[in-house]
file data-v6.cif (mmCIF, C-alpha atoms)
data_target
#
loop_
_atom_site.label_atom_id
_atom_site.label_comp_id
_atom_site.auth_asym_id
_atom_site.auth_seq_id
_atom_site.Cartn_x
_atom_site.Cartn_y
_atom_site.Cartn_z
CA MET A 1 96.63 202.48 296.03
CA LYS A 2 97.20 203.97 299.39
CA LEU A 3 100.15 201.79 299.82
CA ALA A 4 101.56 202.70 296.52
CA ARG A 5 101.54 206.33 297.26
CA HIS A 6 103.11 205.68 300.54
CA TRP A 7 105.95 203.75 299.02
CA ARG A 8 106.73 206.18 296.39
CA GLY A 9 107.50 208.66 299.09
CA LEU A 10 110.05 206.40 300.63
CA PRO A 11 113.64 206.10 299.82
CA VAL A 12 113.86 203.02 297.94
CA ALA A 13 116.11 200.43 297.37
CA THR A 14 118.88 199.38 295.51
CA LEU A 15 120.13 196.33 294.16
CA CYS A 16 123.65 196.38 293.90
CA LEU A 17 126.30 195.08 295.74
CA ALA A 18 129.32 194.15 294.05
CA GLY A 19 131.15 197.21 294.99
CA ALA A 20 130.07 196.87 298.51
CA ALA A 21 133.02 198.38 300.21
CA ALA A 22 132.97 201.40 298.00
CA HIS A 23 129.49 202.48 298.91
CA ALA A 24 128.87 203.53 302.43
CA GLN A 25 125.57 205.22 301.72
CA PRO A 26 122.35 203.60 300.64
CA VAL A 27 121.92 203.78 296.90
CA THR A 28 118.58 203.78 295.14
CA TYR A 29 118.39 202.17 291.74
CA ALA A 30 115.69 202.89 289.21
CA LEU A 31 114.37 199.78 287.53
CA ASP A 32 115.14 199.44 283.85
CA PRO A 33 111.78 198.75 282.22
CA GLU A 34 113.35 196.90 279.29
CA HIS A 35 115.07 194.46 281.57
CA THR A 36 112.66 194.13 284.45
CA ARG A 37 109.81 191.72 284.04
CA VAL A 38 107.62 189.47 286.14
CA HIS A 39 106.96 186.07 284.60
CA TRP A 40 104.72 183.37 286.01
CA GLU A 41 104.23 179.72 285.26
CA VAL A 42 101.36 177.35 286.06
CA LEU A 43 100.88 173.75 285.08
CA HIS A 44 98.02 173.21 282.64
CA TYR A 45 96.06 169.97 283.04
CA GLY A 46 99.09 168.38 284.61
CA THR A 47 100.58 168.33 281.14
CA SER A 48 102.35 171.50 280.00
CA THR A 49 103.55 174.76 281.48
CA LEU A 50 101.48 177.83 280.71
CA ARG A 51 103.60 180.98 280.89
CA GLY A 52 102.62 184.58 281.18
CA ARG A 53 104.12 187.85 282.27
CA PHE A 54 103.25 191.39 283.31
CA ASP A 55 104.66 193.94 280.92
CA ASN A 56 104.18 197.16 282.86
CA LEU A 57 105.69 197.71 286.23
CA GLN A 58 107.38 200.50 288.13
CA GLY A 59 109.58 200.56 291.13
CA SER A 60 112.93 200.93 292.69
CA VAL A 61 115.35 199.13 294.89
CA THR A 62 117.59 200.58 297.55
CA LEU A 63 120.65 198.80 298.80
CA ASP A 64 122.58 199.78 301.86
CA ARG A 65 125.64 197.68 301.55
CA ALA A 66 127.26 198.88 304.73
CA ALA A 67 124.20 197.95 306.74
CA ARG A 68 123.62 194.86 304.60
CA SER A 69 120.03 195.85 304.15
CA GLY A 70 117.77 197.44 301.64
CA ASP A 71 114.25 197.62 300.43
CA VAL A 72 112.23 197.00 297.36
CA SER A 73 108.96 198.43 296.17
CA ILE A 74 107.40 197.45 292.88
CA SER A 75 103.95 198.02 291.49
CA VAL A 76 102.64 195.95 288.60
CA ASP A 77 99.80 196.88 286.27
CA THR A 78 97.69 193.75 286.39
CA ALA A 79 95.97 194.61 283.11
CA SER A 80 99.35 194.30 281.38
CA VAL A 81 99.20 190.52 281.74
CA SER A 82 100.36 188.84 278.57
CA THR A 83 100.24 185.17 277.66
CA GLY A 84 100.34 185.52 273.90
CA VAL A 85 96.66 184.50 273.75
CA SER A 86 94.46 187.59 273.88
CA ALA A 87 91.30 185.71 274.85
CA LEU A 88 93.10 184.26 277.83
CA ASP A 89 94.50 187.66 278.77
CA ARG A 90 90.95 189.03 278.89
CA VAL A 91 89.87 186.24 281.20
CA LEU A 92 92.84 186.85 283.46
CA ARG A 93 92.00 190.55 283.78
CA GLY A 94 88.44 189.68 284.76
CA ASN A 95 86.80 189.04 288.08
CA ASN A 96 87.73 185.37 288.26
CA PHE A 97 91.41 186.25 288.31
CA PHE A 98 93.16 189.60 288.75
CA MET A 99 90.07 191.87 288.91
CA SER A 100 92.03 194.52 287.07
CA ASN A 101 89.15 197.00 287.04
CA LYS A 102 88.87 197.06 290.78
CA HIS A 103 92.52 196.33 291.54
CA PRO A 104 94.56 197.80 288.70
CA GLN A 105 97.84 197.26 290.48
CA ALA A 106 99.58 194.57 292.43
CA TYR A 107 102.34 195.55 294.85
CA PHE A 108 105.43 193.89 296.14
CA VAL A 109 107.09 195.58 299.09
CA ALA A 110 110.05 194.12 300.89
CA ARG A 111 112.28 195.45 303.61
CA GLN A 112 114.06 192.25 304.51
CA LEU A 113 116.90 191.76 302.10
CA ARG A 114 119.57 189.21 302.71
CA LEU A 115 123.02 190.07 301.42
CA ASP A 116 125.71 187.44 301.19
CA ASP A 117 129.18 188.56 300.24
CA GLY A 118 127.75 191.80 299.01
CA ARG A 119 125.15 190.13 296.81
CA VAL A 120 121.42 190.10 297.26
CA SER A 121 120.50 186.49 297.89
CA GLU A 122 116.96 186.72 299.24
CA VAL A 123 114.16 189.26 299.42
CA ARG A 124 111.32 188.81 301.88
CA GLY A 125 108.24 190.91 301.59
CA GLU A 126 104.56 190.97 300.88
CA LEU A 127 102.70 190.73 297.61
CA THR A 128 99.30 192.40 297.41
CA LEU A 129 97.07 191.17 294.60
CA ARG A 130 93.30 191.67 294.36
CA GLY A 131 93.69 193.62 297.58
CA VAL A 132 94.95 190.54 299.42
CA GLY A 133 98.41 190.67 300.96
CA VAL A 134 100.44 187.45 301.19
CA PRO A 135 104.04 186.98 302.32
CA LEU A 136 106.40 186.29 299.44
CA THR A 137 110.06 185.36 299.48
CA LEU A 138 112.10 185.75 296.32
CA ARG A 139 115.39 183.87 296.09
CA ALA A 140 118.16 185.10 293.86
CA LEU A 141 119.24 182.70 291.14
CA THR A 142 121.82 185.18 289.88
CA PHE A 143 122.85 188.63 291.00
CA GLY A 144 125.60 190.99 289.99
CA CYS A 145 126.62 194.54 289.17
CA ARG A 146 128.73 196.08 286.46
CA THR A 147 129.51 199.44 284.98
CA ASP A 148 127.69 200.14 281.78
CA ASN A 149 130.24 201.16 279.19
CA ALA A 150 128.01 203.52 277.30
CA ALA A 151 126.38 205.31 280.17
CA GLN A 152 129.25 204.95 282.62
CA ARG A 153 126.73 204.12 285.26
CA GLU A 154 126.49 201.16 287.51
CA LEU A 155 123.97 198.50 286.60
CA CYS A 156 122.87 195.80 288.98
CA GLY A 157 120.60 192.95 288.18
CA GLY A 158 119.58 189.40 288.69
CA ASP A 159 116.99 186.70 288.42
CA PHE A 160 114.72 185.92 291.33
CA GLU A 161 112.36 183.05 291.89
CA GLY A 162 109.39 182.57 294.20
CA GLU A 163 106.22 180.57 294.65
CA LEU A 164 102.61 181.50 295.27
CA ALA A 165 99.27 179.74 295.48
CA GLN A 166 96.40 181.10 293.42
CA SER A 167 94.00 180.20 296.20
CA ASP A 168 95.86 182.37 298.72
CA PHE A 169 94.52 185.35 296.79
CA GLY A 170 91.04 183.92 296.42
CA MET A 171 91.61 182.84 292.82
CA THR A 172 89.99 179.42 292.62
CA PHE A 173 88.27 179.56 289.25
CA GLY A 174 91.18 177.99 287.40
CA LEU A 175 92.00 175.23 289.83
CA SER A 176 90.15 172.55 287.90
CA PHE A 177 92.51 172.96 284.95
CA THR A 178 95.65 174.59 286.33
CA SER A 179 97.88 173.99 289.32
CA ASP A 180 97.26 176.07 292.41
CA ARG A 181 101.00 176.55 292.63
CA VAL A 182 102.40 179.44 290.63
CA ARG A 183 106.11 179.82 290.00
CA LEU A 184 107.30 183.41 289.72
CA LEU A 185 110.41 184.36 287.80
CA VAL A 186 111.48 187.94 288.15
CA GLN A 187 114.10 189.51 285.95
CA VAL A 188 115.34 192.77 287.37
CA GLU A 189 117.94 195.32 286.38
CA GLY A 190 118.45 198.64 288.11
CA ILE A 191 120.48 201.66 287.12
CA ARG A 192 122.33 203.79 289.59
CA PRO A 193 121.29 207.40 289.15
CA VAL B 1 94.82 155.89 277.01
CA LYS B 2 97.07 157.09 274.50
CA THR B 3 100.05 158.85 275.06
CA ALA B 4 102.52 160.51 273.67
CA ARG B 5 103.62 162.35 271.04
CA CYS B 6 104.36 165.51 270.68
CA PHE B 7 104.91 168.33 269.09
CA LYS B 8 107.54 170.38 268.80
CA ARG B 9 107.56 173.63 268.72
CA ARG B 10 108.42 176.54 267.76
CA TYR B 11 110.03 178.03 265.26
CA VAL B 12 108.11 177.89 262.34
CA ALA B 13 105.19 179.36 260.94
CA GLY B 14 102.42 178.14 259.27
CA PHE B 15 102.35 175.47 256.93
CA ALA B 16 102.96 172.33 258.69
CA ALA B 17 99.50 171.01 258.45
CA LEU B 18 99.29 171.55 254.76
CA SER B 19 102.52 169.83 254.11
CA LEU B 20 101.36 166.64 255.71
CA ALA B 21 99.38 165.47 252.82
CA GLY B 22 102.30 164.65 250.65
CA ALA B 23 104.49 163.17 253.34
CA ALA B 24 104.93 159.56 254.23
CA TRP B 25 103.67 159.45 257.77
CA PRO B 26 104.05 156.58 260.17
CA GLU B 27 101.07 154.69 261.44
CA GLY B 28 99.29 156.34 264.27
CA ALA B 29 96.94 159.15 265.01
CA LEU B 30 97.13 162.70 263.80
CA TYR B 31 97.31 165.48 266.39
CA GLN B 32 96.94 169.13 265.60
CA ILE B 33 98.74 171.64 267.75
CA ASP B 34 96.46 173.71 269.98
CA PRO B 35 97.63 177.25 269.24
CA THR B 36 96.34 178.48 272.59
CA HIS B 37 98.61 176.08 274.42
CA ALA B 38 101.72 176.14 272.31
CA SER B 39 104.46 178.72 272.48
CA VAL B 40 108.20 178.99 272.47
CA THR B 41 109.96 180.98 275.17
CA PHE B 42 113.61 181.88 274.87
CA GLU B 43 115.97 182.77 277.67
CA VAL B 44 119.26 184.55 277.12
CA SER B 45 121.61 186.18 279.57
CA HIS B 46 121.79 189.98 279.36
CA LEU B 47 125.19 191.47 280.27
CA GLY B 48 125.76 188.48 282.49
CA LEU B 49 123.38 190.06 284.99
CA SER B 50 119.85 188.89 284.36
CA THR B 51 117.91 186.67 282.01
CA LEU B 52 115.93 188.20 279.19
CA ARG B 53 112.87 186.17 278.28
CA GLY B 54 110.83 186.45 275.16
CA ARG B 55 108.10 184.49 273.51
CA PHE B 56 107.04 183.38 270.07
CA ALA B 57 103.31 183.13 270.51
CA ARG B 58 102.18 181.79 267.14
CA VAL B 59 103.05 178.15 266.69
CA GLU B 60 101.30 175.73 264.37
CA GLY B 61 101.77 172.23 263.20
CA THR B 62 100.89 168.60 263.34
CA VAL B 63 102.19 165.47 264.90
CA MET B 64 101.60 161.90 263.84
CA LEU B 65 101.96 159.73 266.87
CA ASP B 66 101.97 155.98 267.16
CA LYS B 67 102.19 155.23 270.83
CA ALA B 68 102.06 151.49 270.53
CA GLY B 69 104.75 151.50 267.89
CA ARG B 70 106.64 154.21 269.76
CA SER B 71 107.21 156.35 266.75
CA ALA B 72 106.21 159.83 265.77
CA ARG B 73 106.75 162.51 263.24
CA ALA B 74 106.19 166.20 263.57
CA GLU B 75 106.24 169.35 261.53
CA ILE B 76 105.93 172.61 263.33
CA THR B 77 106.15 176.17 262.16
CA LEU B 78 106.59 179.33 264.13
CA ASP B 79 105.80 182.88 263.13
CA THR B 80 108.98 184.85 263.78
CA ALA B 81 107.15 188.18 263.88
CA SER B 82 105.16 186.94 266.87
CA LEU B 83 108.24 187.52 269.01
CA SER B 84 107.45 189.54 272.11
CA THR B 85 109.49 190.47 275.15
CA GLY B 86 107.07 193.05 276.50
CA ALA B 87 109.39 195.89 275.47
CA ALA B 88 108.68 197.29 272.01
CA THR B 89 112.15 198.74 271.45
CA LEU B 90 113.79 195.47 272.28
CA ASP B 91 111.36 193.55 270.06
CA ALA B 92 112.29 195.79 267.13
CA GLN B 93 116.00 195.16 267.70
CA LEU B 94 115.51 191.41 267.87
CA LYS B 95 113.38 191.38 264.71
CA ALA B 96 115.80 193.55 262.74
CA ALA B 97 117.76 192.46 259.69
CA ASN B 98 120.98 191.84 261.59
CA PHE B 99 119.25 189.65 264.11
CA LEU B 100 116.24 187.43 263.34
CA ASN B 101 115.47 189.33 260.15
CA VAL B 102 111.78 188.54 260.39
CA ALA B 103 110.95 190.60 257.32
CA GLU B 104 112.80 188.14 255.10
CA PHE B 105 112.49 185.00 257.22
CA THR B 106 108.89 185.13 258.33
CA SER B 107 108.83 181.64 259.74
CA ALA B 108 111.04 179.10 261.40
CA SER B 109 110.35 175.40 261.30
CA PHE B 110 111.12 172.23 263.15
CA LYS B 111 110.77 168.85 261.48
CA ALA B 112 111.47 165.61 263.26
CA ASP B 113 110.93 161.92 262.90
CA ASN B 114 113.39 160.60 265.45
CA PHE B 115 111.53 160.38 268.74
CA SER B 116 112.75 158.62 271.86
CA PHE B 117 110.20 157.05 274.17
CA LYS B 118 110.09 155.73 277.67
CA ASP B 119 107.08 153.48 277.82
CA GLN B 120 104.55 155.45 275.80
CA ASN B 121 105.93 158.83 276.73
CA ILE B 122 108.12 160.94 274.52
CA VAL B 123 111.38 161.83 276.26
CA ALA B 124 113.44 163.35 273.46
CA VAL B 125 113.12 164.49 269.88
CA GLU B 126 115.85 164.82 267.29
CA GLY B 127 114.98 167.04 264.40
CA ALA B 128 116.02 169.84 262.10
CA LEU B 129 115.56 173.46 263.02
CA THR B 130 115.32 175.92 260.17
CA LEU B 131 115.89 179.44 261.37
CA ARG B 132 116.86 182.48 259.38
CA GLY B 133 117.01 180.22 256.36
CA LYS B 134 119.58 177.85 257.80
CA THR B 135 118.84 174.27 258.84
CA LEU B 136 120.77 172.52 261.62
CA PRO B 137 120.05 169.51 263.83
CA VAL B 138 118.59 170.10 267.27
CA VAL B 139 117.66 167.73 270.09
CA LEU B 140 114.74 168.61 272.30
CA ARG B 141 114.47 167.05 275.71
CA ALA B 142 111.05 166.49 277.24
CA THR B 143 110.89 167.65 280.83
CA ARG B 144 107.23 166.65 281.00
CA PHE B 145 104.88 164.67 278.81
CA ASN B 146 101.29 163.57 279.27
CA CYS B 147 98.05 162.79 277.50
CA TYR B 148 94.61 163.52 278.90
CA PHE B 149 91.00 163.74 277.83
CA ASN B 150 90.07 167.38 277.34
CA LEU B 151 86.46 168.03 278.28
CA LEU B 152 86.25 171.21 276.23
CA PHE B 153 87.41 169.61 273.01
CA GLN B 154 85.97 166.18 273.88
CA ARG B 155 89.16 164.73 272.52
CA GLU B 156 92.44 163.41 273.69
CA VAL B 157 95.16 166.00 274.08
CA CYS B 158 98.83 165.14 274.37
CA GLY B 159 101.57 167.55 275.22
CA GLY B 160 104.35 168.58 277.46
CA ASP B 161 107.33 170.79 278.05
CA PHE B 162 110.45 170.54 275.93
CA GLU B 163 113.71 172.36 276.07
CA THR B 164 117.03 172.74 274.36
CA THR B 165 119.97 175.13 274.40
CA LEU B 166 121.53 176.38 271.20
CA GLU B 167 124.01 178.94 270.01
CA ARG B 168 122.12 181.52 268.03
CA SER B 169 125.19 182.55 266.04
CA ARG B 170 125.18 179.15 264.30
CA TRP B 171 121.96 180.24 262.60
CA GLY B 172 123.38 183.69 261.94
CA VAL B 173 121.12 185.36 264.51
CA GLY B 174 123.18 188.39 265.48
CA GLN B 175 126.80 188.44 266.46
CA ALA B 176 127.99 186.56 269.50
CA GLU B 177 127.53 189.55 271.80
CA SER B 178 124.84 191.54 270.04
CA LEU B 179 122.69 193.74 272.27
CA GLY B 180 124.57 192.54 275.34
CA LEU B 181 122.98 189.13 274.86
CA ALA B 182 124.83 185.87 275.25
CA ASP B 183 125.21 183.52 272.30
CA SER B 184 123.72 180.65 274.24
CA VAL B 185 119.92 180.62 274.13
CA ARG B 186 117.69 178.29 276.07
CA LEU B 187 114.39 177.42 274.46
CA LEU B 188 111.40 176.37 276.53
CA ILE B 189 108.60 174.93 274.52
CA GLN B 190 105.07 174.46 275.74
CA VAL B 191 103.01 172.32 273.41
CA GLU B 192 99.68 170.58 273.50
CA ALA B 193 98.08 168.94 270.49
CA ILE B 194 94.56 167.71 269.92
CA LYS B 195 93.82 164.31 268.45
CA GLN B 196 91.99 164.63 265.15
#
call {"tool": "encode", "arguments": {"input": "data-v6.cif", "output": "structure tokens"}}
result
Amino acid sequence: MKLARHWRGLPVATLCLAGAAAHAQPVTYALDPEHTRVHWEVLHYGTSTLRGRFDNLQGSVTLDRAARSGDVSISVDTASVSTGVSALDRVLRGNNFFMSNKHPQAYFVARQLRLDDGRVSEVRGELTLRGVGVPLTLRALTFGCRTDNAAQRELCGGDFEGELAQSDFGMTFGLSFTSDRVRLLVQVEGIRP
Amino acid sequence: VKTARCFKRRYVAGFAALSLAGAAWPEGALYQIDPTHASVTFEVSHLGLSTLRGRFARVEGTVMLDKAGRSARAEITLDTASLSTGAATLDAQLKAANFLNVAEFTSASFKADNFSFKDQNIVAVEGALTLRGKTLPVVLRATRFNCYFNLLFQREVCGGDFETTLERSRWGVGQAESLGLADSVRLLIQVEAIKQ
């Protein structure tokens, strides 16, 4: 919580790059909630992939193309976890997993962005979940920017991928039936103000 | 140890199990899909920028699997209204008449009896996907397949991950560029089924 407040006060980041040369100043993009989502995947009994996502998140991204840097801050409402199975969602919100009552939000903050040819290719930061902070690197699978025809505003977006271990956050309850390894897939789109 | 078989997924809703009775099933064991471990996720590019993912959460059906004989047959139904992307506005657009039209086409179905095996594991499934009232052939590729003894159910469970890529416009789901979404849609199917 403290962190979250802190971040909100900061200039945040931006995602875009394509027009790199045209933008000398850092630009902060607001995340589009319809097209920004955190998905996760774990292996169930070594057999099939269980998928879930977090539906509610807030944040922004600032890109400084000239400096080839930027930063990201995102907060996720852990109670918004959704697997499509409500009984499972309740378990995930509980004390064996996300402890949503005590830790209603998870945070991802990154100030190490790698830009290649004007495109975000990697984001290194820290994920805080259940009050435990763990380094997390997200790699871009796709990234690009375009001008939205209707709004005449620049949109940037991409898909990012990362890996976590449940046990790094003290979540060991599920390890007898799911993989410790969690694959994260993050869809993100940001709109230039 | 038994193996394989599988289920398919997705698209259809509801009646697979009931329809078994009158069908000519191969030899083998009957497996009922575990609705808590079966779902269909779709991935489609949005504006060429990022990948929109959504899920059909309600999947039902049965699979008859003969591992020794390396044959299987499956009938799966998916509830189209169970579509969820996590964004209500988007869900409404995808369910609308000009897209999935879930009000008229409440279920999608997948029926298959052409299974490919490697040893006793299913590696591919050729079947017919009925979506928005139109039936076309689809091949699902298994990226993972396994059977195990589930302590909770005290029964064997078989399942895996399957995927395919299709062009939604062939089933009349929207226009090629509706909602800024690409025509090409990747389906990721998680399925586990419990031996009866």
call {"tool": "resolve_selection", "arguments": {"input": "data-v6.cif", "expression": "the PyMOL selection byres ((chain B and resi 64) around 8)", "output": "PyMOL selection string"}}
result
chain B and resi 5+25-31+62-63+65-66+72-74
call {"tool": "resolve_selection", "arguments": {"input": "data-v6.cif", "expression": "the PyMOL selection byres ((chain B and resi 181) around 7)", "output": "PDB file with C-alpha atoms, in the coordinates of the input"}}
result
ATOM      1  CA  VAL B  44     119.260 184.550 277.120  1.00  0.00           C
ATOM      2  CA  SER B  45     121.610 186.180 279.570  1.00  0.00           C
ATOM      3  CA  HIS B  46     121.790 189.980 279.360  1.00  0.00           C
ATOM      4  CA  LEU B  47     125.190 191.470 280.270  1.00  0.00           C
ATOM      5  CA  GLU B 177     127.530 189.550 271.800  1.00  0.00           C
ATOM      6  CA  SER B 178     124.840 191.540 270.040  1.00  0.00           C
ATOM      7  CA  LEU B 179     122.690 193.740 272.270  1.00  0.00           C
ATOM      8  CA  GLY B 180     124.570 192.540 275.340  1.00  0.00           C
ATOM      9  CA  ALA B 182     124.830 185.870 275.250  1.00  0.00           C
ATOM     10  CA  ASP B 183     125.210 183.520 272.300  1.00  0.00           C
TER      11      ASP B 183
END
call {"tool": "interface_residues", "arguments": {"input": "data-v6.cif", "of": "chain B", "to": "chain A", "cutoff": "7 Å", "atoms": "only C-alpha atoms", "output": "list in words"}}
result
Thr36, Leu49, Ser50, Thr51, Leu52, Ala57, Gly86, Ala87, Arg144, Phe145, Asn146, Gly159, Gly160, Asp161, Gln190 and Val191 of chain B
call {"tool": "residues_around", "arguments": {"input": "data-v6.cif", "residues": "stretch 122-132 of chain B", "least_positions_apart": "2", "cutoff": "7 Å", "atoms": "only C-alpha atoms", "output": "PyMOL selection string"}}
result
chain B and resi 4-5+100+105+108-118+120+134-142+145+171
call {"tool": "closest_residue", "arguments": {"input": "data-v6.cif", "among": "B:Asp91, B:Asp119, B:Glu43, B:Glu104", "to": "B:Ala68", "atoms": "all atoms listed in the file"}}
result
B:Asp119
call {"tool": "atom_distance", "arguments": {"input": "data-v6.cif", "atom1": "atom CA of A:Ala79", "atom2": "atom CA of A:Met99"}}
result
8.7 Å
call {"tool": "resolve_selection", "arguments": {"input": "data-v6.cif", "expression": "the PyMOL selection byres ((chain A and resi 166) around 10)", "output": "MDAnalysis selection string"}}
result
chainID A and resid 42 97 163:165 167:175 178:182
call {"tool": "atom_distance", "arguments": {"input": "data-v6.cif", "atom1": "atom CA of A:Asn149", "atom2": "atom CA of B:Leu90"}}
result
18.7 Å
call {"tool": "atom_distance", "arguments": {"input": "data-v6.cif", "atom1": "atom CA of B:Ser82", "atom2": "atom CA of B:Cys158"}}
result
23.9 Å
